[in-house]
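Enquirer: Provided herewith is a single structure, encoded as structure tokens, for subsequent inquiry.
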Amino acid sequence: MSERRDVWITGIGLVSSLGEGLEAHWAALNEGKPVVDETGFAPYVVHPLAKINFDAQIAKKGDQRQMEPWQRIGTYAAGLALDSAGIKGNKDILGTTDMVVAAGGGERDQSVDGAILTEIEKQPKPDVFLNEQLQSNLRPTLFLAQLSNLLAGNISIVHGVTGSSRTFMGEESSGTDAVRIGFSRIAAGTSEIALVGGAYNAERRDMLLLYALKHLAKHAPWSPVLKNANGVPTGSAGAFLVLESPEHATARGAKPIAKLSGIWSERARRGDEGAIEATLATMIATARGDTAEGTAILSAASGAPEPTKAEALVLERSGLPVRSVTDRVGHGLEAQMPVALAIAALSVAQGRLFPPLAGEALEKPFDEALKRVIVTGVGHWRGEGVALVESVD
Amino acid sequence: MASYTDKAGRPIVVVTGMGLVTSLGQGKEDNWAKLTAGQSGIHRITRFPLDSMRTTIAGTVDFLSESGRTAPDLSEQLAQLAADEAIAQSGIGSKGNFPGPLFCAVPPIEIEWPQRRILAQEAAANAAVTYDDLLRAAETHQHGAWHERFLYGSIADHLADRFGTRGQPISLSTACASGNTSIQLGVEAIRRGDCDAALSIATDGSVTAEALIRFSLLSALSTNNEVPEAASRPFSKNRDGFIIAEGAGALVLESLEHAVARGANILGVIEGVGEMADSFHRTRSSPDAKPVIGCMRAALADAGVSPDEIDYINAHGTSTPENDRMEFTGMSAVFGERIGSIPLSSNKSMIGHTLTAAGAIEAVVSVLTIQNGRIPPTINYEMPDPAIPLDVVPNVARDAQVNRVMSNSFGFGGQNVCVIMTGEPA
């Protein structure tokens, strides 16, 4: 194979409970206070999306109406990323921009479901009743708001990204792999510029239900996940990165925010004792290489007990300074790796690590110049991801 | 010895194993016999009651043990059977040890009505049932297995365990183009040198009552219910929508070098893949067909061949009024006047639209077409649409030497992916 090229991050779009954009996030990360809602979805704790004026990135109300919240969050964050990269509205570039989106499914119409469930067991023919109710009460367009690939579809429609469009599912690892495929294509020279990322709406009971079935949804009160891995504190968030070859970026006069130096995806055989620890330690060693200078770890740990305890153990053994992304913004499932990468790129661009969080014992002060961030993400049920983000000299 | 690299200097990617399940049956042999006999797998739905349904026909797979269970259960079984067949044919690796990654296209997955109803009953709410009641029931009962079953990644995860594929599998969706995307990801990984082999699977066993209703509410489905076998009429004047269907296709992809080194039988070559997204509308294609044209041209360019070198098109051909017209417009621009004389057919006339699985199933059929020198027909072509004059290989299979196929897949959300296949490495 030919030489691998560098891959630059030339645009970042980030929205979460901490606000929107890089400046707001940097300020909030330094302030060190997570934003949580411990009552609205009781008994669970969620990190609610900050107030967003969606009109700013999704001009047509008609487009907004066609989307469920997770799609609006993602389409908004994608718009921020294109703005940040300076390619918003640039038809020539957007027409060749490759898109890889990590997505789950959309929201159910919970009132329709509830009304059906209230009456269905009283019916002589429950299945017939169900079909009649669905036919008369489901909004036709709701289906489109539920399909995984329609976040990408909405980004194409609203922002005109049409080079290519692929959607990966599969929880946390889909976020890692979406970035990995975009990265690999640019590194191999088969793509020049890519928009990669994902979005998650935590403020929905149908999604909490999926975690609750396994008793994994985190109950209030909020607590730091590495110290106290007793459930997944979900968080609404959207993050997109513009990845670009140095040649392409330089030709259009764009400056890199940071360099994505590698991203790896693995699948430990979790039935085997110590499998997560061994897999993650190997991946971190690969990302770290032979220097620890100016290097920190940002963890995207979910808070699910077993995998998070395993991750925390490996992070402690690494001896590197650690920060938990999930403590700050919650866990955004498919979006979590893109969110963590956005914060990693922001931190190396700032040249320092934000301060530790009270109560998260693994987090230690780190005052050296920050040059490299290793991002770790161990999926709540499957899949391990690691990435390396470095400052551009 | 021929070169292991293509015109662009990239590793040549070949197919060494293929598997197939559709409503017509299980396995390539059975499917091929029925497809070339012009047999339809479309039938009256028996899986759920049809009272008040506007559409009562489908190409469901009803002959498996998981038929009628949840969408992920059946989708997983379909995928597993197709992959079993493909891996056995290719003879690659060893049992439970596939030497490459898995790219698996899967349908939408979510908790289904039987599970919701059980939770609601367990919650025993005194008043109107809400999701808070379902959450309470979930917390106080043991339904942990449902968590995994209704995660998007669980189908591919179980397949990765069974076949011993390498690394974290990628679960993907590009709607009705998903099957082609699963192939594309495998081709790219081999060309990059990330791996010597890849397993591409696309599966869809998601015909539930709610899925049927959702597509019906979008007015996408045929309502030609009277004679199910005659309802899917791609490119006919009286086409009125697609027929929802189930199935799976699987392909073992390898670098030519890897396949030759282990003495594998080469079934076909994936010469090129092209894609282009459409920003026009969520469910409709750009009327000027520009994205589709761009997609086909990208595939031809990726394969390094001219339109004149395509001698059969495995069309997307869904039987919806809009798709078939738009596909014709796109092909006309790419192939010019020659489009009226290139044999082209839609497998969907017989097996319906298998949605997520369609691209992979049609890729398998395309390679079979090359191998057998026989083109499966477009059945139910009784009333040609004068606005789209095409040689659709009407109603009866045709013997023809086919050297190179273009297979089209287009989907909701502006997804377009085309694959170019040939029989022999250049």
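Labels for the structure tokens follow display order: chains A, B, ..., residues from 1 in each chain, ligands from 1.
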Produce a table with one row for each residue of chain B that has an atom at most 7 Å from any atom of chain A, each row naming the nearest atom pair and its distance in Å at one decimal; use only C-alpha atoms; arrange rows by chain and rising residue number; format as CSV.
Expert:
```
residue,atom,partner,partner_atom,distance
B:Pro49,CA,A:Val128,CA,6.1
B:Asp51,CA,A:Val128,CA,6.5
B:Ser52,CA,A:Glu132,CA,6.7
B:Pro108,CA,A:Leu147,CA,6.7
B:Arg117,CA,A:Leu117,CA,6.5
B:Ala120,CA,A:Leu117,CA,6.6
B:Ala128,CA,A:Thr118,CA,5.3
B:Val129,CA,A:Thr118,CA,5.0
B:Thr130,CA,A:Gly114,CA,4.9
B:Tyr131,CA,A:Arg205,CA,6.2
B:Leu135,CA,A:Leu209,CA,5.5
B:Ala138,CA,A:Leu213,CA,4.9
B:Glu139,CA,A:Ala212,CA,5.8
B:His143,CA,A:Leu213,CA,5.4
B:Gly144,CA,A:Lys214,CA,4.3
B:Trp146,CA,A:Leu213,CA,6.7
B:His147,CA,A:Leu213,CA,5.5
B:Leu151,CA,A:Gly170,CA,7.0
B:Tyr152,CA,A:Gly170,CA,4.7
B:Gly153,CA,A:Gly170,CA,3.7
B:Gly167,CA,A:Glu266,CA,4.9
B:Gln168,CA,A:Arg267,CA,4.7
B:Ile170,CA,A:Phe168,CA,6.8
B:Ser171,CA,A:Met169,CA,5.2
B:Leu172,CA,A:Phe168,CA,4.2
B:Ser173,CA,A:Thr167,CA,5.3
B:Thr174,CA,A:Asn149,CA,5.8
B:Ala175,CA,A:Asn149,CA,6.6
B:Arg192,CA,A:Ala188,CA,6.5
B:Gly193,CA,A:Met1,CA,6.6
B:Ala209,CA,A:Asn131,CA,6.8
B:Ile213,CA,A:Gln135,CA,6.2
B:Arg214,CA,A:Phe143,CA,6.2
B:Leu217,CA,A:Pro140,CA,5.1
B:Leu218,CA,A:Pro140,CA,5.8
B:Glu275,CA,A:Ser164,CA,5.9
B:Met276,CA,A:Ser164,CA,4.9
B:Ala277,CA,A:Thr162,CA,4.5
B:Asp278,CA,A:Thr162,CA,6.2
B:Ser279,CA,A:Ile157,CA,4.2
B:Phe280,CA,A:Ile157,CA,6.2
B:His281,CA,A:Ile157,CA,6.6
B:Arg282,CA,A:Gly153,CA,6.5
B:Gly413,CA,A:Gly153,CA,4.2
B:Gly414,CA,A:Gly153,CA,6.0
B:Gln415,CA,A:Ser165,CA,6.8
```
Enquirer: I'd like the neighbourhood of region 28-42 of chain B as a PDB file with N, CA and C atoms, in the first residue's frame, where a residue qualifies if any of its atoms comes within 6 Å (using only C-alpha atoms), though same-chain residues fewer than 4 positions away should be ignored.
Expert:
```
ATOM      1  N   LEU B  20     -27.885 -17.130  -0.053  1.00  0.00           N
ATOM      2  CA  LEU B  20     -29.122 -16.458  -0.403  1.00  0.00           C
ATOM      3  C   LEU B  20     -30.306 -17.105   0.301  1.00  0.00           C
ATOM      4  N   SER B  23     -38.073 -15.282  -0.133  1.00  0.00           N
ATOM      5  CA  SER B  23     -39.385 -15.926   0.016  1.00  0.00           C
ATOM      6  C   SER B  23     -39.513 -17.116  -0.930  1.00  0.00           C
ATOM      7  N   LEU B  24     -38.661 -17.203  -1.944  1.00  0.00           N
ATOM      8  CA  LEU B  24     -38.710 -18.345  -2.866  1.00  0.00           C
ATOM      9  C   LEU B  24     -38.071 -19.584  -2.256  1.00  0.00           C
ATOM     10  N   ALA B  58     -47.187  -9.875   0.686  1.00  0.00           N
ATOM     11  CA  ALA B  58     -45.779  -9.596   0.963  1.00  0.00           C
ATOM     12  C   ALA B  58     -44.949 -10.784   0.519  1.00  0.00           C
ATOM     13  N   GLY B  59     -43.637 -10.598   0.546  1.00  0.00           N
ATOM     14  CA  GLY B  59     -42.714 -11.697   0.268  1.00  0.00           C
ATOM     15  C   GLY B  59     -42.044 -12.120   1.566  1.00  0.00           C
ATOM     16  N   PRO B 228     -51.585 -12.089  -5.618  1.00  0.00           N
ATOM     17  CA  PRO B 228     -50.311 -11.667  -5.041  1.00  0.00           C
ATOM     18  C   PRO B 228     -49.121 -11.814  -6.001  1.00  0.00           C
ATOM     19  N   GLU B 229     -49.064 -12.937  -6.718  1.00  0.00           N
ATOM     20  CA  GLU B 229     -47.907 -13.195  -7.587  1.00  0.00           C
ATOM     21  C   GLU B 229     -47.806 -12.171  -8.713  1.00  0.00           C
ATOM     22  N   MET B 350     -40.176 -10.777  -8.725  1.00  0.00           N
ATOM     23  CA  MET B 350     -40.453 -12.123  -8.203  1.00  0.00           C
ATOM     24  C   MET B 350     -40.342 -12.219  -6.682  1.00  0.00           C
ATOM     25  N   ILE B 351     -39.345 -11.562  -6.117  1.00  0.00           N
ATOM     26  CA  ILE B 351     -39.117 -11.713  -4.672  1.00  0.00           C
ATOM     27  C   ILE B 351     -39.546 -10.487  -3.873  1.00  0.00           C
ATOM     28  N   PRO B 376     -32.417 -13.742 -15.481  1.00  0.00           N
ATOM     29  CA  PRO B 376     -33.754 -13.897 -14.893  1.00  0.00           C
ATOM     30  C   PRO B 376     -34.683 -12.812 -15.438  1.00  0.00           C
ATOM     31  N   ALA B 397     -37.084 -16.071 -18.824  1.00  0.00           N
ATOM     32  CA  ALA B 397     -35.625 -15.951 -18.736  1.00  0.00           C
ATOM     33  C   ALA B 397     -35.010 -16.036 -20.126  1.00  0.00           C
TER      34      ALA B 397
END
```
Enquirer: Which residues are close to region 252-267 of chain B, i.e. within 8 Å by only C-alpha atoms, leaving aside same-chain residues fewer than 2 positions away? Reply as an NGL selection string.
Expert: :B and (4 or 11-18 or 86-87 or 90-91 or 186-187 or 190-191 or 196-200 or 250 or 269 or 367 or 371 or 423-424)
Enquirer: For those residues, write N, CA and C atoms to a file as a compact mmCIF listing (two decimals), in the first residue's frame.
Expert:
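Written out: again_36.txt:
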```txt
# COMPACT_ATOMS: atom_id res chain seq x y z
N TYR B 4 -2.57 -9.19 -9.95
CA TYR B 4 -3.46 -9.19 -8.78
C TYR B 4 -4.05 -7.81 -8.53
N PRO B 11 -5.71 -3.75 -5.20
CA PRO B 11 -5.98 -5.19 -5.18
C PRO B 11 -7.33 -5.49 -5.84
N ILE B 12 -7.36 -6.50 -6.71
CA ILE B 12 -8.63 -6.93 -7.30
C ILE B 12 -9.42 -7.68 -6.23
N VAL B 13 -10.71 -7.35 -6.13
CA VAL B 13 -11.57 -7.97 -5.12
C VAL B 13 -12.50 -8.97 -5.81
N VAL B 14 -12.43 -10.22 -5.36
CA VAL B 14 -13.24 -11.27 -5.98
C VAL B 14 -14.25 -11.83 -4.97
N VAL B 15 -15.25 -12.50 -5.54
CA VAL B 15 -16.27 -13.19 -4.74
C VAL B 15 -15.94 -14.67 -4.78
N THR B 16 -15.83 -15.27 -3.60
CA THR B 16 -15.53 -16.71 -3.57
C THR B 16 -16.63 -17.52 -2.88
N GLY B 17 -17.62 -16.84 -2.36
CA GLY B 17 -18.72 -17.57 -1.73
C GLY B 17 -19.96 -16.70 -1.72
N MET B 18 -21.13 -17.32 -1.91
CA MET B 18 -22.36 -16.55 -1.92
C MET B 18 -23.47 -17.36 -1.26
N ALA B 86 -22.50 -19.10 2.10
CA ALA B 86 -21.41 -18.40 1.43
C ALA B 86 -20.04 -18.89 1.91
N ILE B 87 -19.92 -19.05 3.21
CA ILE B 87 -18.62 -19.45 3.77
C ILE B 87 -18.31 -20.90 3.39
N SER B 90 -17.10 -20.93 -0.15
CA SER B 90 -15.77 -20.35 -0.36
C SER B 90 -14.68 -21.21 0.27
N GLY B 91 -15.03 -21.97 1.28
CA GLY B 91 -14.02 -22.80 1.95
C GLY B 91 -12.96 -21.99 2.66
N GLY B 186 -16.66 -3.74 2.31
CA GLY B 186 -15.73 -4.86 2.19
C GLY B 186 -14.70 -4.61 1.09
N VAL B 187 -15.17 -4.13 -0.05
CA VAL B 187 -14.27 -3.85 -1.17
C VAL B 187 -13.23 -2.81 -0.76
N ILE B 190 -10.53 -4.20 1.65
CA ILE B 190 -9.54 -5.06 0.97
C ILE B 190 -8.62 -4.21 0.10
N ARG B 191 -9.19 -3.25 -0.61
CA ARG B 191 -8.35 -2.39 -1.46
C ARG B 191 -7.35 -1.58 -0.63
N ASP B 196 -7.45 -9.19 3.98
CA ASP B 196 -7.42 -9.96 2.73
C ASP B 196 -8.81 -10.45 2.36
N ALA B 197 -9.71 -10.50 3.35
CA ALA B 197 -11.04 -11.03 3.11
C ALA B 197 -12.04 -10.27 3.96
N ALA B 198 -13.29 -10.27 3.52
CA ALA B 198 -14.36 -9.63 4.30
C ALA B 198 -15.65 -10.40 4.06
N LEU B 199 -16.50 -10.37 5.07
CA LEU B 199 -17.81 -11.01 4.96
C LEU B 199 -18.86 -9.90 4.90
N SER B 200 -19.56 -9.83 3.76
CA SER B 200 -20.61 -8.82 3.59
C SER B 200 -21.97 -9.51 3.63
N ALA B 250 -25.45 -12.98 1.28
CA ALA B 250 -24.12 -12.90 1.89
C ALA B 250 -23.07 -13.17 0.82
N VAL B 269 -16.00 -10.98 -9.88
CA VAL B 269 -15.14 -9.88 -9.45
C VAL B 269 -16.02 -8.67 -9.16
N VAL B 367 -24.16 -12.24 -10.01
CA VAL B 367 -23.03 -13.15 -10.27
C VAL B 367 -23.53 -14.47 -10.83
N GLN B 371 -22.45 -16.32 -14.27
CA GLN B 371 -21.96 -17.70 -14.24
C GLN B 371 -22.78 -18.62 -15.15
N GLY B 423 -17.22 -11.54 -14.42
CA GLY B 423 -16.98 -12.93 -14.09
C GLY B 423 -15.52 -13.26 -13.85
N GLU B 424 -14.67 -12.80 -14.75
CA GLU B 424 -13.27 -13.22 -14.71
C GLU B 424 -12.39 -12.03 -14.34
```
Enquirer: List every residue of region 63-197 of chain A that DSSP, applied to the backbone of this structure, places in strand (DSSP E or B), and write the result as an MDAnalysis selection string.
Expert: chainID A and resid 98:102 164:169 193:197
Enquirer: Using only C-alpha atoms, which of the listed residues (A:Gly13, A:Gly294, A:Pro307, A:Pro48) sits closest to Pro338 (chain A)?
Expert: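 Of A:Gly13, A:Gly294, A:Pro307, A:Pro48, the one nearest Pro338 (chain A) is A:Gly13, counting only C-alpha atoms.
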Enquirer: Could you state the separation of CA of Arg5 (chain A) and CA of Thr5 (chain B) in Å, given to one decimal place?
Expert: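 Pair CA of Arg5 (chain A) / CA of Thr5 (chain B) returns 21.4 Å.
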Enquirer: Compile the contact shell of region 28-32 of chain A as a list in words: residues with an atom at most 9 Å away, counting only C-alpha atoms, same-chain residues fewer than 6 positions apart removed.
Expert: Leu18, Gly19, Arg328, Leu353, Phe354, Pro355, Pro356, Leu357 and Ala358 of chain A
